[in-house]
file my_file_6.cif (mmCIF, C-alpha atoms and all ligand atoms; chains and numbers go by the auth columns)
data_final
#
loop_
_atom_site.group_PDB
_atom_site.id
_atom_site.type_symbol
_atom_site.label_atom_id
_atom_site.label_comp_id
_atom_site.label_asym_id
_atom_site.label_seq_id
_atom_site.Cartn_x
_atom_site.Cartn_y
_atom_site.Cartn_z
_atom_site.B_iso_or_equiv
_atom_site.auth_seq_id
_atom_site.auth_asym_id
ATOM 1 C CA MET A 1 119.805 112.222 123.657 0.00 1 A
ATOM 2 C CA THR A 2 117.187 114.980 123.879 0.00 2 A
ATOM 3 C CA LYS A 3 114.018 115.037 121.783 0.00 3 A
ATOM 4 C CA LEU A 4 115.251 117.833 119.498 0.00 4 A
ATOM 5 C CA LEU A 5 118.597 116.180 118.919 0.00 5 A
ATOM 6 C CA ASN A 6 116.840 112.934 118.114 0.00 6 A
ATOM 7 C CA ILE A 7 114.585 114.679 115.580 0.00 7 A
ATOM 8 C CA ALA A 8 117.613 116.382 114.009 0.00 8 A
ATOM 9 C CA ARG A 9 119.358 113.000 113.848 0.00 9 A
ATOM 10 C CA GLN A 10 116.374 111.471 112.086 0.00 10 A
ATOM 11 C CA TYR A 11 115.404 114.281 109.715 0.00 11 A
ATOM 12 C CA CYS A 12 118.223 116.758 109.145 0.00 12 A
ATOM 13 C CA GLY A 13 120.421 116.073 106.136 0.00 13 A
ATOM 14 C CA ASN A 14 123.229 117.974 107.821 0.00 14 A
ATOM 15 C CA TRP A 15 123.417 115.552 110.747 0.00 15 A
ATOM 16 C CA ASP A 16 126.661 113.546 110.696 0.00 16 A
ATOM 17 C CA ALA A 17 127.097 111.490 113.862 0.00 17 A
ATOM 18 C CA GLY A 18 126.196 114.472 116.019 0.00 18 A
ATOM 19 C CA LYS A 19 128.229 116.974 114.002 0.00 19 A
ATOM 20 C CA CYS A 20 126.752 119.397 111.490 0.00 20 A
ATOM 21 C CA VAL A 21 127.815 119.305 107.827 0.00 21 A
ATOM 22 C CA GLY A 22 126.658 122.914 107.542 0.00 22 A
ATOM 23 C CA CYS A 23 125.197 122.881 104.008 0.00 23 A
ATOM 24 C CA VAL A 24 122.554 125.555 103.636 0.00 24 A
ATOM 25 C CA PHE A 25 120.386 125.345 100.522 0.00 25 A
ATOM 26 C CA TYR A 26 118.626 128.331 99.027 0.00 26 A
ATOM 27 C CA ARG A 27 117.222 129.600 95.740 0.00 27 A
ATOM 28 C CA LYS A 28 119.000 132.259 93.697 0.00 28 A
ATOM 29 C CA ASP A 29 117.700 133.422 90.327 0.00 29 A
ATOM 30 C CA GLY A 30 115.381 130.406 90.272 0.00 30 A
ATOM 31 C CA GLN A 31 118.199 127.921 90.821 0.00 31 A
ATOM 32 C CA LEU A 32 118.758 125.771 93.873 0.00 32 A
ATOM 33 C CA THR A 33 122.205 126.354 95.278 0.00 33 A
ATOM 34 C CA TYR A 34 124.012 126.018 98.591 0.00 34 A
ATOM 35 C CA TYR A 35 126.894 127.223 100.672 0.00 35 A
ATOM 36 C CA VAL A 36 128.721 125.747 103.650 0.00 36 A
ATOM 37 C CA ASN A 37 128.014 127.745 106.784 0.00 37 A
ATOM 38 C CA SER A 38 131.280 127.887 108.703 0.00 38 A
ATOM 39 C CA LYS A 39 129.412 128.693 111.917 0.00 39 A
ATOM 40 C CA LEU A 40 127.739 125.260 111.726 0.00 40 A
ATOM 41 C CA SER A 41 130.119 123.063 109.750 0.00 41 A
ATOM 42 C CA GLY A 42 132.075 120.529 111.774 0.00 42 A
ATOM 43 C CA LYS A 43 130.571 121.642 115.053 0.00 43 A
ATOM 44 C CA ASN A 44 128.178 119.789 117.352 0.00 44 A
ATOM 45 C CA CYS A 45 124.541 120.039 116.280 0.00 45 A
ATOM 46 C CA SER A 46 123.191 123.235 117.819 0.00 46 A
ATOM 47 C CA VAL A 47 119.487 122.557 117.354 0.00 47 A
ATOM 48 C CA GLU A 48 118.801 123.090 121.046 0.00 48 A
ATOM 49 C CA GLU A 49 120.311 126.577 120.956 0.00 49 A
ATOM 50 C CA GLY A 50 118.239 127.375 117.859 0.00 50 A
ATOM 51 C CA CYS A 51 118.960 126.518 114.259 0.00 51 A
ATOM 52 C CA GLU A 52 117.366 128.474 111.400 0.00 52 A
ATOM 53 C CA TYR A 53 117.944 125.647 108.956 0.00 53 A
ATOM 54 C CA PHE A 54 116.139 123.213 111.241 0.00 54 A
ATOM 55 C CA GLU A 55 113.228 125.575 111.813 0.00 55 A
ATOM 56 C CA ASN A 56 112.854 126.824 108.241 0.00 56 A
ATOM 57 C CA ILE A 57 113.801 123.791 106.144 0.00 57 A
ATOM 58 C CA VAL A 58 113.795 120.597 108.200 0.00 58 A
ATOM 59 C CA VAL A 59 110.634 121.011 110.275 0.00 59 A
ATOM 60 C CA PRO A 60 108.367 121.995 107.329 0.00 60 A
ATOM 61 C CA GLY A 61 109.477 118.797 105.583 0.00 61 A
ATOM 62 C CA ILE A 62 108.497 116.481 108.439 0.00 62 A
ATOM 63 C CA ASP A 63 105.284 114.701 107.527 0.00 63 A
ATOM 64 C CA ASP A 64 104.678 113.030 110.916 0.00 64 A
ATOM 65 C CA LYS A 65 102.194 115.324 112.689 0.00 65 A
ATOM 66 C CA ARG A 66 102.985 113.753 116.087 0.00 66 A
ATOM 67 C CA ILE A 67 106.591 114.962 115.792 0.00 67 A
ATOM 68 C CA ILE A 68 105.511 118.446 114.735 0.00 68 A
ATOM 69 C CA LYS A 69 103.103 118.608 117.669 0.00 69 A
ATOM 70 C CA SER A 70 105.706 117.335 120.128 0.00 70 A
ATOM 71 C CA ILE A 71 108.011 120.253 119.360 0.00 71 A
ATOM 72 C CA GLY A 72 105.230 122.811 119.228 0.00 72 A
ATOM 73 C CA ALA A 73 105.913 123.793 115.632 0.00 73 A
HETATM 74 S S1 LIG B . 122.824 122.416 113.636 0.00 101 A
HETATM 75 FE FE1 LIG B . 120.925 122.552 112.460 0.00 101 A
HETATM 76 S S2 LIG B . 121.522 122.113 110.335 0.00 101 A
HETATM 77 FE FE2 LIG B . 123.160 121.372 111.669 0.00 101 A
HETATM 78 S S3 LIG B . 122.708 119.206 112.074 0.00 101 A
HETATM 79 FE FE3 LIG B . 121.804 120.404 113.729 0.00 101 A
HETATM 80 S S4 LIG B . 119.705 120.785 113.073 0.00 101 A
HETATM 81 FE FE4 LIG B . 120.842 120.175 111.272 0.00 101 A
#
call {"tool": "encode", "arguments": {"input": "my_file_6.cif", "output": "structure tokens"}}
result
Amino acid sequence: MTKLLNIARQYCGNWDAGKCVGCVFYRKDGQLTYYVNSKLSGKNCSVEEGCEYFENIVVPGIDDKRIIKSIGA
């Protein structure tokens, strides 16, 4: 397993045995809501090809600076 996939496995709430649940959370009118992204849902984790959810939501929530440094974020 590659480093990015391993980080996604450890930290991404959408990770499900290598598949992506595809839930994307966002705020609308001050309320937290979500939708299921059909481009991600049920497919293999695509973190290595680039994943906005990983970059914008997962990575900022990682508190281990060594992991952040290792991926150059
Ligand atoms: S594709 Fe993105 S959102 Fe889905 S499991 Fe992988 S890192 Fe998480």
call {"tool": "resolve_selection", "arguments": {"input": "my_file_6.cif", "expression": "the PyMOL selection byres (((not hetatm)) within 10 of (chain A and resi 101))", "output": "ChimeraX atom specification"}}
result
/A:4-24,37,39-55,57-59
call {"tool": "resolve_selection", "arguments": {"input": "my_file_6.cif", "expression": "the PyMOL selection byres (((chain A and resi 71) around 10) and not hetatm)", "output": "ChimeraX atom specification"}}
result
/A:3-4,7,59,66-70,72-73
call {"tool": "atom_distance", "arguments": {"input": "my_file_6.cif", "atom1": "CA of Phe25 in chain A", "atom2": "CA of Asn56 in chain A"}}
result
10.9 Å
call {"tool": "atom_distance", "arguments": {"input": "my_file_6.cif", "atom1": "CA of Ile62 in chain A", "atom2": "CA of Asp29 in chain A"}}
result
26.5 Å
call {"tool": "axis_aligned_box", "arguments": {"input": "my_file_6.cif", "around": "range 1-19 of chain A", "padding_each_side": "5 Å", "output": "JSON"}}
result
{"center_x": 121.1, "center_y": 114.7, "center_z": 115.0, "size_x": 24.2, "size_y": 16.5, "size_z": 27.7}
